[in-house]
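Shown next: start_16.txt, given as compact mmCIF, C-alpha atoms.
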```
# COMPACT_ATOMS: atom_id res chain seq x y z
CA MET A 59 -40.95 31.10 -14.28
CA THR A 60 -38.11 28.55 -14.37
CA THR A 61 -37.97 26.21 -11.39
CA GLY A 62 -34.88 25.10 -9.49
CA ASN A 63 -35.06 21.76 -11.30
CA ASP A 64 -34.99 23.41 -14.74
CA LYS A 65 -32.05 25.55 -13.74
CA TYR A 66 -30.33 22.48 -12.37
CA LYS A 67 -30.82 20.57 -15.62
CA LYS A 68 -29.55 23.50 -17.66
CA MET A 69 -26.52 23.86 -15.39
CA ILE A 70 -25.73 20.16 -15.55
CA GLY A 71 -26.04 20.31 -19.34
CA ILE A 72 -23.48 23.11 -19.46
CA LEU A 73 -21.09 21.30 -17.10
CA ARG A 74 -21.41 17.98 -18.96
CA ASN A 75 -20.73 19.72 -22.24
CA SER A 76 -17.64 21.34 -20.78
CA LYS A 77 -15.40 18.36 -20.22
CA PRO A 78 -12.14 19.62 -18.68
CA GLY A 79 -9.37 19.34 -21.22
CA LEU A 80 -5.97 18.01 -20.19
CA PRO A 81 -3.43 20.68 -21.10
CA ARG A 82 -0.11 19.56 -22.64
CA PRO A 83 -0.88 15.80 -22.74
CA GLU A 84 2.53 14.87 -24.24
CA GLU A 85 4.25 16.58 -21.38
CA MET A 86 2.13 14.53 -19.00
CA GLU A 87 3.06 11.26 -20.77
CA ASP A 88 6.77 12.15 -20.68
CA GLU A 89 6.57 13.05 -17.01
CA VAL A 90 4.80 9.78 -16.11
CA ILE A 91 7.32 7.69 -18.06
CA ARG A 92 10.22 9.64 -16.52
CA ARG A 93 8.87 9.03 -13.00
CA ILE A 94 8.38 5.33 -13.68
CA ARG A 95 11.94 5.01 -15.06
CA HIS A 96 13.32 6.97 -12.12
CA GLU A 97 11.52 4.77 -9.57
CA LYS A 98 12.54 1.66 -11.51
CA GLY A 99 16.15 2.90 -11.41
CA ASN A 100 15.95 3.44 -7.68
CA THR A 101 14.61 -0.07 -7.17
CA GLU A 102 17.40 -1.50 -9.35
CA THR A 103 20.04 0.49 -7.44
CA ALA A 104 18.67 -0.81 -4.15
CA SER A 105 18.60 -4.40 -5.35
CA GLY A 106 22.14 -3.97 -6.80
CA LEU A 107 23.38 -2.71 -3.43
CA ILE A 108 21.77 -5.64 -1.61
CA GLU A 109 23.33 -7.98 -4.17
CA ALA A 110 26.77 -6.41 -3.60
CA ILE A 111 26.51 -6.69 0.18
CA PHE A 112 24.87 -10.09 0.54
CA GLY A 113 25.56 -11.65 -2.88
CA TRP A 114 28.48 -13.72 -1.54
CA VAL A 115 26.10 -15.95 0.42
CA TYR A 116 25.01 -17.46 -2.89
CA ILE A 117 28.52 -18.91 -3.55
CA GLY A 118 28.24 -22.69 -3.16
CA TRP A 119 31.08 -23.42 -0.75
CA VAL A 120 30.35 -20.31 1.36
CA ARG A 121 26.75 -21.39 1.61
CA ARG A 122 27.71 -24.93 2.69
CA SER A 123 30.28 -23.61 5.18
CA LEU A 124 27.69 -21.28 6.68
CA ILE A 125 25.25 -24.17 7.06
CA GLY A 126 27.98 -26.25 8.76
CA ALA A 127 28.93 -23.38 11.05
CA ALA A 128 25.31 -22.86 11.96
CA PHE A 129 24.97 -26.53 12.93
CA ILE A 130 28.14 -26.37 15.02
CA LEU A 131 26.93 -23.25 16.78
CA VAL A 132 23.61 -24.90 17.56
CA ALA A 133 25.37 -28.00 18.89
CA VAL A 134 27.71 -25.92 21.06
CA PHE A 135 24.77 -23.98 22.36
CA ILE A 136 22.86 -27.15 23.27
CA TYR A 137 25.95 -28.65 24.99
CA GLN A 138 26.53 -25.44 26.92
CA GLN A 139 22.94 -25.30 28.04
CA ALA A 140 23.02 -28.94 29.13
CA SER A 141 26.20 -28.47 31.17
CA ILE A 142 24.85 -25.32 32.80
CA LEU A 143 21.68 -27.19 33.70
CA LYS A 144 23.72 -30.00 35.21
CA GLN A 145 25.75 -27.58 37.31
CA VAL A 146 22.63 -25.83 38.48
CA ASN A 147 21.17 -29.16 39.56
CA ASN A 148 24.33 -30.02 41.51
CA MET A 149 24.39 -26.68 43.22
CA SER A 150 20.75 -26.88 44.16
CA LYS A 151 21.54 -30.06 46.12
CA GLN A 152 23.99 -28.13 48.30
CA VAL A 153 23.10 -25.88 51.20
CA VAL A 154 24.77 -22.62 51.98
CA ILE A 155 24.61 -21.59 55.64
CA THR A 156 25.90 -18.20 56.64
CA GLY A 157 26.47 -17.10 60.22
CA ILE A 158 23.90 -19.01 62.24
CA GLY A 159 24.59 -17.98 65.82
CA GLN A 160 24.43 -20.09 68.96
CA GLY A 161 21.43 -18.23 70.22
CA THR A 162 19.41 -18.80 67.11
CA ALA A 163 16.18 -20.56 67.85
CA SER A 164 16.33 -23.53 65.51
CA SER A 165 13.13 -25.37 65.01
CA SER A 166 14.23 -28.14 62.67
CA GLU A 167 16.25 -31.16 63.62
CA PHE A 168 18.77 -30.26 61.01
CA ASP A 169 19.42 -26.84 62.55
CA LYS A 170 19.85 -28.39 66.00
CA LYS A 171 22.41 -30.83 64.63
CA LEU A 172 24.21 -28.02 62.89
CA ASN A 173 24.44 -25.98 66.08
CA ILE A 174 25.88 -28.97 67.91
CA TYR A 175 28.44 -29.42 65.18
CA LYS A 176 29.39 -25.75 65.29
CA ILE A 177 29.69 -25.67 69.06
CA SER A 178 31.78 -28.86 69.20
CA SER A 179 34.08 -27.88 66.35
CA GLY A 180 34.49 -24.28 67.54
CA LEU A 181 33.26 -22.84 64.28
CA SER A 182 32.82 -19.08 64.64
CA ASP A 183 29.60 -17.33 63.70
CA ASP A 184 31.03 -15.19 60.94
CA ARG A 185 32.41 -18.11 58.98
CA GLU A 186 30.59 -19.61 56.06
CA ILE A 187 30.52 -23.29 55.27
CA LYS A 188 29.54 -24.84 51.99
CA ILE A 189 28.66 -28.47 52.31
CA SER A 190 25.97 -30.76 51.02
CA GLU A 191 23.18 -31.79 53.38
CA ASN A 192 24.08 -35.48 53.11
CA GLN A 193 27.73 -34.83 53.94
CA LEU A 194 26.73 -32.80 56.97
CA GLU A 195 24.39 -35.53 58.18
CA GLU A 196 27.23 -38.02 57.83
CA ILE A 197 29.67 -35.86 59.82
CA LEU A 198 27.19 -35.26 62.62
CA ASP A 199 26.27 -38.94 62.84
CA SER A 200 29.89 -40.01 63.06
CA TYR A 201 30.52 -37.36 65.70
CA GLN A 202 27.61 -38.62 67.78
CA ASP A 203 28.86 -42.25 67.37
CA LEU A 204 32.24 -41.23 68.59
CA GLU A 205 30.74 -39.47 71.59
CA GLU A 206 28.70 -42.59 72.37
CA LYS A 207 31.65 -44.98 72.02
CA TYR A 208 34.03 -42.99 74.16
CA LYS A 209 31.48 -41.90 76.79
CA ASP A 210 33.01 -44.21 79.46
CA LEU A 211 36.52 -43.19 78.57
CA LEU A 212 35.63 -39.50 78.96
CA ARG A 213 33.99 -40.23 82.32
CA ILE A 214 37.14 -42.07 83.59
CA ILE A 215 39.31 -39.19 82.42
CA GLU A 216 37.12 -36.63 84.19
CA GLU A 217 37.09 -38.65 87.44
CA ASN A 218 40.87 -39.05 87.53
CA PRO A 219 42.52 -35.58 87.81
CA GLU A 220 45.99 -36.93 87.19
CA LEU A 221 44.98 -38.72 84.06
CA ASN A 222 43.09 -35.67 82.93
CA LYS A 223 46.14 -33.49 83.46
CA TYR A 224 48.32 -35.95 81.57
CA ILE A 225 46.02 -36.08 78.60
CA GLU A 226 45.72 -32.29 78.46
CA LYS A 227 49.47 -32.01 78.51
CA LYS A 228 49.78 -34.53 75.68
CA LEU A 229 47.10 -32.70 73.66
CA ASP A 230 48.96 -29.40 74.14
CA GLU A 231 52.13 -31.03 72.97
CA GLY A 232 50.34 -32.41 69.98
CA LYS A 233 49.00 -28.96 69.11
CA ASN A 234 52.46 -27.38 69.40
CA ASN A 235 53.98 -30.09 67.20
CA LYS A 236 51.50 -29.55 64.38
CA PRO A 237 53.21 -28.02 61.36
CA ASP A 238 51.91 -24.62 60.18
CA LEU A 239 50.04 -24.99 56.97
CA MET B 1021 -11.35 2.51 -24.90
CA ILE B 1022 -8.17 0.67 -23.86
CA ASP B 1023 -7.90 -2.76 -25.44
CA LYS B 1024 -7.08 -5.88 -23.46
CA GLU B 1025 -3.99 -6.74 -25.51
CA LEU B 1026 -2.43 -3.40 -24.66
CA ILE B 1027 -3.00 -3.95 -20.95
CA GLU B 1028 -1.64 -7.49 -21.15
CA GLU B 1029 1.52 -6.16 -22.83
CA CYS B 1030 1.89 -3.55 -20.08
CA ARG B 1031 1.55 -6.24 -17.44
CA LYS B 1032 4.61 -7.90 -18.95
CA GLY B 1033 6.54 -4.69 -18.26
CA ASP B 1034 6.34 -3.05 -21.66
CA LEU B 1035 6.81 0.65 -20.94
CA ARG B 1036 6.29 1.72 -24.58
CA ASN B 1037 2.80 0.25 -24.55
CA PHE B 1038 2.16 1.83 -21.18
CA ARG B 1039 2.75 5.23 -22.79
CA LYS B 1040 -0.25 4.46 -25.00
CA VAL B 1041 -2.27 3.59 -21.90
CA VAL B 1042 -1.25 6.90 -20.35
CA GLU B 1043 -2.22 8.69 -23.54
CA LYS B 1044 -5.70 7.14 -23.49
CA ALA B 1045 -6.39 7.11 -19.75
CA SER B 1046 -5.00 10.52 -18.76
CA PRO B 1047 -7.84 12.66 -20.19
CA MET B 1048 -10.55 10.68 -18.39
CA VAL B 1049 -8.60 10.70 -15.11
CA PHE B 1050 -7.93 14.41 -15.53
CA SER B 1051 -11.62 15.10 -16.10
CA ILE B 1052 -12.61 13.51 -12.79
CA ALA B 1053 -9.64 14.92 -10.88
CA PHE B 1054 -10.23 18.44 -12.20
CA ARG B 1055 -13.94 18.35 -11.42
CA MET B 1056 -13.26 16.99 -7.94
CA LEU B 1057 -10.40 19.34 -7.09
CA GLU B 1058 -11.14 22.39 -9.29
CA ASP B 1059 -7.44 23.04 -9.80
CA GLU B 1060 -5.52 22.28 -12.98
CA ASP B 1061 -2.10 21.77 -11.39
CA ILE B 1062 -3.33 19.56 -8.57
CA ALA B 1063 -5.43 17.57 -11.03
CA ARG B 1064 -2.33 17.05 -13.21
CA ASP B 1065 -0.42 15.81 -10.16
CA VAL B 1066 -3.26 13.40 -9.39
CA VAL B 1067 -3.17 12.12 -12.99
CA GLN B 1068 0.58 11.56 -12.73
CA ASP B 1069 0.31 9.80 -9.37
CA THR B 1070 -2.56 7.66 -10.65
CA MET B 1071 -0.61 6.58 -13.72
CA VAL B 1072 2.50 5.70 -11.70
CA THR B 1073 0.35 3.71 -9.24
CA ILE B 1074 -1.31 1.90 -12.15
CA TRP B 1075 2.11 0.92 -13.51
CA GLN B 1076 3.29 -0.28 -10.10
CA LYS B 1077 0.15 -2.32 -9.42
CA LEU B 1078 -0.67 -3.48 -12.91
CA ALA B 1079 0.29 -7.06 -12.06
CA LYS B 1080 -2.38 -7.13 -9.34
CA ILE B 1081 -5.31 -6.44 -11.66
CA LYS B 1082 -7.24 -9.66 -12.23
CA THR B 1083 -8.86 -8.99 -15.58
CA ALA B 1084 -8.31 -6.41 -18.26
CA GLU B 1085 -12.09 -5.83 -18.35
CA SER B 1086 -12.05 -4.25 -14.90
CA PHE B 1087 -9.22 -1.91 -15.87
CA LYS B 1088 -11.35 1.22 -16.36
CA THR B 1089 -13.11 0.85 -13.00
CA TRP B 1090 -9.80 0.16 -11.33
CA VAL B 1091 -8.23 3.31 -12.82
CA TYR B 1092 -11.18 5.43 -11.70
CA ARG B 1093 -11.00 3.92 -8.21
CA ILE B 1094 -7.32 4.86 -7.86
CA ALA B 1095 -8.01 8.36 -9.19
CA VAL B 1096 -10.99 8.96 -6.89
CA ASN B 1097 -9.02 7.77 -3.86
CA LYS B 1098 -6.21 10.15 -4.74
CA CYS B 1099 -8.74 12.95 -5.07
CA TYR B 1100 -10.09 12.09 -1.61
CA ASP B 1101 -6.55 12.40 -0.26
CA GLN B 1102 -6.23 15.85 -1.80
CA LEU B 1103 -9.62 16.94 -0.44
CA ARG B 1104 -8.60 15.80 3.03
CA LYS B 1105 -5.45 17.93 2.79
CA ARG B 1106 -7.53 20.85 1.58
CA LYS B 1107 -9.68 20.76 4.72
CA GLN B 1108 -6.90 22.49 6.57
CA MET B 1109 -6.57 25.18 3.92
CA PRO B 1110 -8.67 28.34 4.10
CA GLU B 1111 -11.96 27.97 2.30
CA GLN B 1112 -12.04 29.59 -1.09
CA ARG B 1113 -15.03 31.81 -1.74
CA TYR B 1114 -16.52 32.55 -5.11
CA ASP B 1115 -18.98 35.37 -4.97
CA ASP B 1116 -20.99 37.57 -7.32
CA GLN B 1117 -18.51 37.30 -10.15
CA THR B 1118 -19.03 33.55 -10.44
CA TRP B 1119 -22.78 33.86 -10.20
CA GLU B 1120 -22.59 36.39 -13.03
CA VAL B 1121 -20.66 33.87 -15.15
CA ILE B 1122 -23.28 31.21 -14.41
CA SER B 1123 -26.08 33.63 -15.19
CA ASN B 1124 -24.53 34.55 -18.54
CA HIS B 1125 -24.19 30.90 -19.58
CA MET B 1126 -27.68 30.02 -18.35
CA SER B 1127 -29.28 32.86 -20.24
CA THR B 1128 -28.08 31.69 -23.65
CA GLU B 1129 -30.36 29.28 -25.48
CA SER B 1130 -27.61 27.00 -26.79
CA VAL B 1131 -25.46 24.93 -24.43
CA THR B 1132 -22.13 26.69 -24.21
CA GLU B 1133 -18.75 25.20 -23.44
CA LEU B 1134 -16.85 26.49 -20.43
CA GLU B 1135 -13.18 27.20 -20.10
CA ASN B 1136 -11.32 25.13 -17.49
CA SER B 1137 -11.07 28.12 -15.16
CA GLU B 1138 -14.81 28.90 -15.42
CA ASN B 1139 -15.63 25.24 -15.03
CA ALA B 1140 -13.56 25.09 -11.84
CA GLN B 1141 -15.18 28.25 -10.46
CA ILE B 1142 -18.71 27.02 -11.06
CA ILE B 1143 -18.17 23.50 -9.71
CA SER B 1144 -16.43 24.92 -6.67
CA LEU B 1145 -19.27 27.33 -6.00
CA LEU B 1146 -21.96 24.68 -6.36
CA THR B 1147 -20.25 21.84 -4.50
CA ASN B 1148 -18.28 23.75 -1.89
CA SER B 1149 -20.42 22.66 1.03
CA LEU B 1150 -20.83 19.05 -0.11
CA SER B 1151 -18.91 16.27 1.58
CA PRO B 1152 -16.18 14.53 -0.49
CA LYS B 1153 -18.45 11.50 -0.93
CA GLN B 1154 -21.42 13.59 -2.06
CA LYS B 1155 -19.17 15.49 -4.41
CA ALA B 1156 -17.67 12.29 -5.85
CA VAL B 1157 -21.12 10.76 -6.42
CA PHE B 1158 -22.44 13.98 -7.98
CA ILE B 1159 -19.48 14.25 -10.36
CA LEU B 1160 -19.43 10.59 -11.35
CA SER B 1161 -23.17 10.35 -11.78
CA GLU B 1162 -24.24 13.74 -13.12
CA LEU B 1163 -21.16 15.02 -14.90
CA GLU B 1164 -19.37 11.83 -15.96
CA GLU B 1165 -22.73 10.11 -16.57
CA MET B 1166 -21.79 6.81 -15.00
CA PRO B 1167 -24.38 4.23 -13.94
CA ASN B 1168 -24.86 3.67 -10.21
CA ASN B 1169 -23.42 0.15 -10.23
CA GLU B 1170 -20.18 1.44 -11.73
CA ILE B 1171 -20.07 4.24 -9.15
CA ALA B 1172 -20.53 1.58 -6.48
CA ASP B 1173 -17.53 -0.34 -7.86
CA ILE B 1174 -15.40 2.80 -7.97
CA THR B 1175 -16.29 4.33 -4.62
CA GLY B 1176 -17.06 1.15 -2.69
CA MET B 1177 -20.37 2.66 -1.57
CA LYS B 1178 -23.68 0.80 -1.42
CA MET B 1179 -26.39 1.67 -3.93
CA THR B 1180 -28.57 3.21 -1.24
CA ALA B 1181 -25.70 5.40 -0.08
CA ILE B 1182 -25.05 6.51 -3.65
CA LYS B 1183 -28.71 7.42 -4.15
CA ALA B 1184 -28.85 9.28 -0.84
CA ASN B 1185 -25.66 11.23 -1.55
CA LEU B 1186 -26.82 12.09 -5.04
CA TYR B 1187 -30.24 13.22 -3.78
CA HIS B 1188 -28.62 15.46 -1.19
CA ALA B 1189 -26.20 16.95 -3.72
CA ARG B 1190 -28.97 17.63 -6.22
CA LYS B 1191 -31.19 19.29 -3.65
CA HIS B 1192 -28.35 21.46 -2.44
CA ILE B 1193 -27.36 22.62 -5.93
CA GLU B 1194 -30.98 23.16 -6.94
CA SER B 1195 -31.59 25.33 -3.91
CA LEU B 1196 -28.45 27.37 -4.63
CA LEU B 1197 -29.48 27.94 -8.25
CA GLN B 1198 -33.02 28.83 -7.21
CA LYS B 1199 -31.75 31.24 -4.58
CA TYR B 1200 -29.09 33.13 -6.52
CA LEU B 1201 -30.34 33.05 -10.13
```

Would you put the structure from the file into structure tokens?
Amino acid sequence: MTTGNDKYKKMIGILRNSKPGLPRPEEMEDEVIRRIRHEKGNTETASGLIEAIFGWVYIGWVRRSLIGAAFILVAVFIYQQASILKQVNNMSKQVVITGIGQGTASSSEFDKKLNIYKISSGLSDDREIKISENQLEEILDSYQDLEEKYKDLLRIIEENPELNKYIEKKLDEGKNNKPDL
Amino acid sequence: MIDKELIEECRKGDLRNFRKVVEKASPMVFSIAFRMLEDEDIARDVVQDTMVTIWQKLAKIKTAESFKTWVYRIAVNKCYDQLRKRKQMPEQRYDDQTWEVISNHMSTESVTELENSENAQIISLLTNSLSPKQKAVFILSELEEMPNNEIADITGMKMTAIKANLYHARKHIESLLQKYL
């Protein structure tokens, strides 16, 4: 009785002996060469197209001009960035205050001073002022100096009703004489 | 088989010499592809694809000595791709008729040569339930009579994996032959 191993060996012998034959080998060679030529042609067409579109960059003077233009663009960009940065820095030094009312509970000294300024100058709540912090400090200080200097004068004016009346009249006249801007 | 000078000429882009390479390499690639895929047309497509890939990547090959292994590696990988595609296709079944063909060939004393169609039927029947790796190892080792180290170079498998796959394939085919013959 033949075993599985014997049958296996016999079967392998048959299969080894029966090497698959390539039918129509010339046709295969032609087809391979045709495919290679076709793919080569496609590659050449693609590279020709790229050459036609971008080939001009290889012209000497165009190349140099492009390099120059690139440098100019970079320089302009750097300058623009620097100026923007400068402007941003300037703006960050300024304060923008919008509509702080009289009743607002201000904790900082600066807010207190600002409220005084607004009350004394009659600035309404819905108005917006744009002024640097230093400038505002300066205005408020000078206002307080003036108040200090003319404290006695104000007291004399308040105590004398006639003088007070006269000054009010003069101030009204002054207001009426102001030209409309 | 393919001399080094011929390969060197092809590497320089000589298409006429590559035709000679195709002429010499196609039958051996076809043999593996046909045994792996059991279909003449698909095997021819694999041969064509392999040859075109060889042409495209010829510059990458380090030495002409490794050419044969390199060609087999490309071919086997392309066969794997085809087998993966086939997974989704309905499984072909070869029944009594094929076993009758095998029985007829086994019963004769002399080793007979099979037609391509018979060859495909028998290999398909015997290796249908093997994994692509087992099938590749079985075909390269048993039918193409390659040493294990060469199979390792072609498939990228370790020697132990090759031996294990081959053992499994042998056992499976032996059991089939024992059962049905």

| field | Expected answer as number ranges by chain: chain B residues within 9 Å of chain A, only C-alpha atoms | value | B: 1035-1036, 1038-1040, 1042-1043, 1046-1048, 1050-1052, 1054-1055, 1060, 1064, 1067-1069, 1071-1072, 1075-1076, 1122, 1125-1126, 1131-1136, 1139-1140, 1142-1143, 1162-1165, 1190-1191, 1193-1199, 1201

| Among listed residues B:Lys1080, B:Lys1088, B:His1188, B:Arg1106, nearest B:Ile1022 (using only C-alpha atoms) |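 Checking each of B:Lys1080, B:Lys1088, B:His1188, B:Arg1106 against B:Ile1022, counting only C-alpha atoms, the winner is B:Lys1088.
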
| Distance atom CA of A:Ala133-atom CA of A:Val120, one decimal place? | 19.8 Å

| query | Which of these, B:Ser1137, B:Asp1101, B:Ile1074, B:Asp1173, has the shortest distance to B:Asp1061 once you count only C-alpha atoms? | reply |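 For B:Asp1061, the nearest of the candidates is B:Ser1137.
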
| task | For the point (-20.7, 15.7, -7.1) in the file's frame, write as a list in words all residues with an atom no more than 9 Å away, counting only C-alpha atoms. | result |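 Every residue inside that radius is included here: Arg1055, Met1056, Ile1143, Thr1147, Leu1150, Ser1151, Pro1152, Lys1153, Gln1154, Lys1155, Ala1156, Val1157, Phe1158, Ile1159, Leu1160, Ser1161, Glu1162, Leu1163, Asn1185, Leu1186, Ala1189 and Arg1190 of chain B.
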
| query | Which distance in Å separates atom CA of B:Met1179 and atom CA of B:Ile1094, to one decimal? | reply |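 About the pair atom CA of B:Met1179 and atom CA of B:Ile1094: they are 19.7 Å apart.
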
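Across the model, the gap from atom CA of A:Ser200 to atom CA of A:Leu212 is 16.9 Å.
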
| Ref. answer, residues at most 12 Å from (-6.0, -9.5, -14.9) with all atoms listed in the file, as a list in words | Lys1024, Glu1025, Ile1027, Glu1028, Glu1029, Cys1030, Arg1031, Lys1032, Lys1077, Leu1078, Ala1079, Lys1080, Ile1081, Lys1082, Thr1083, Ala1084, Glu1085, Ser1086, Phe1087 and Trp1090 of chain B

| From the list B:Asp1059, B:Asp1034, B:Glu1129, B:Glu1170, which residue is nearest B:Leu1103 when using all atoms listed in the file? |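 With all atoms listed in the file as the atom set, the closest residue is B:Asp1059.
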
| task | For each of B:Asn1037, B:Glu1058, B:Thr1089, B:Tyr1100, take the minimum atom-to-atom distance to B:Glu1138, counting only C-alpha atoms, then give the residue where this is smallest. | result | B:Glu1058

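Comparing B:Val1096, B:Val1066, B:Val1091, B:Val1049 by their smallest distance to B:Thr1175, the closest is B:Val1096 (using all atoms listed in the file).
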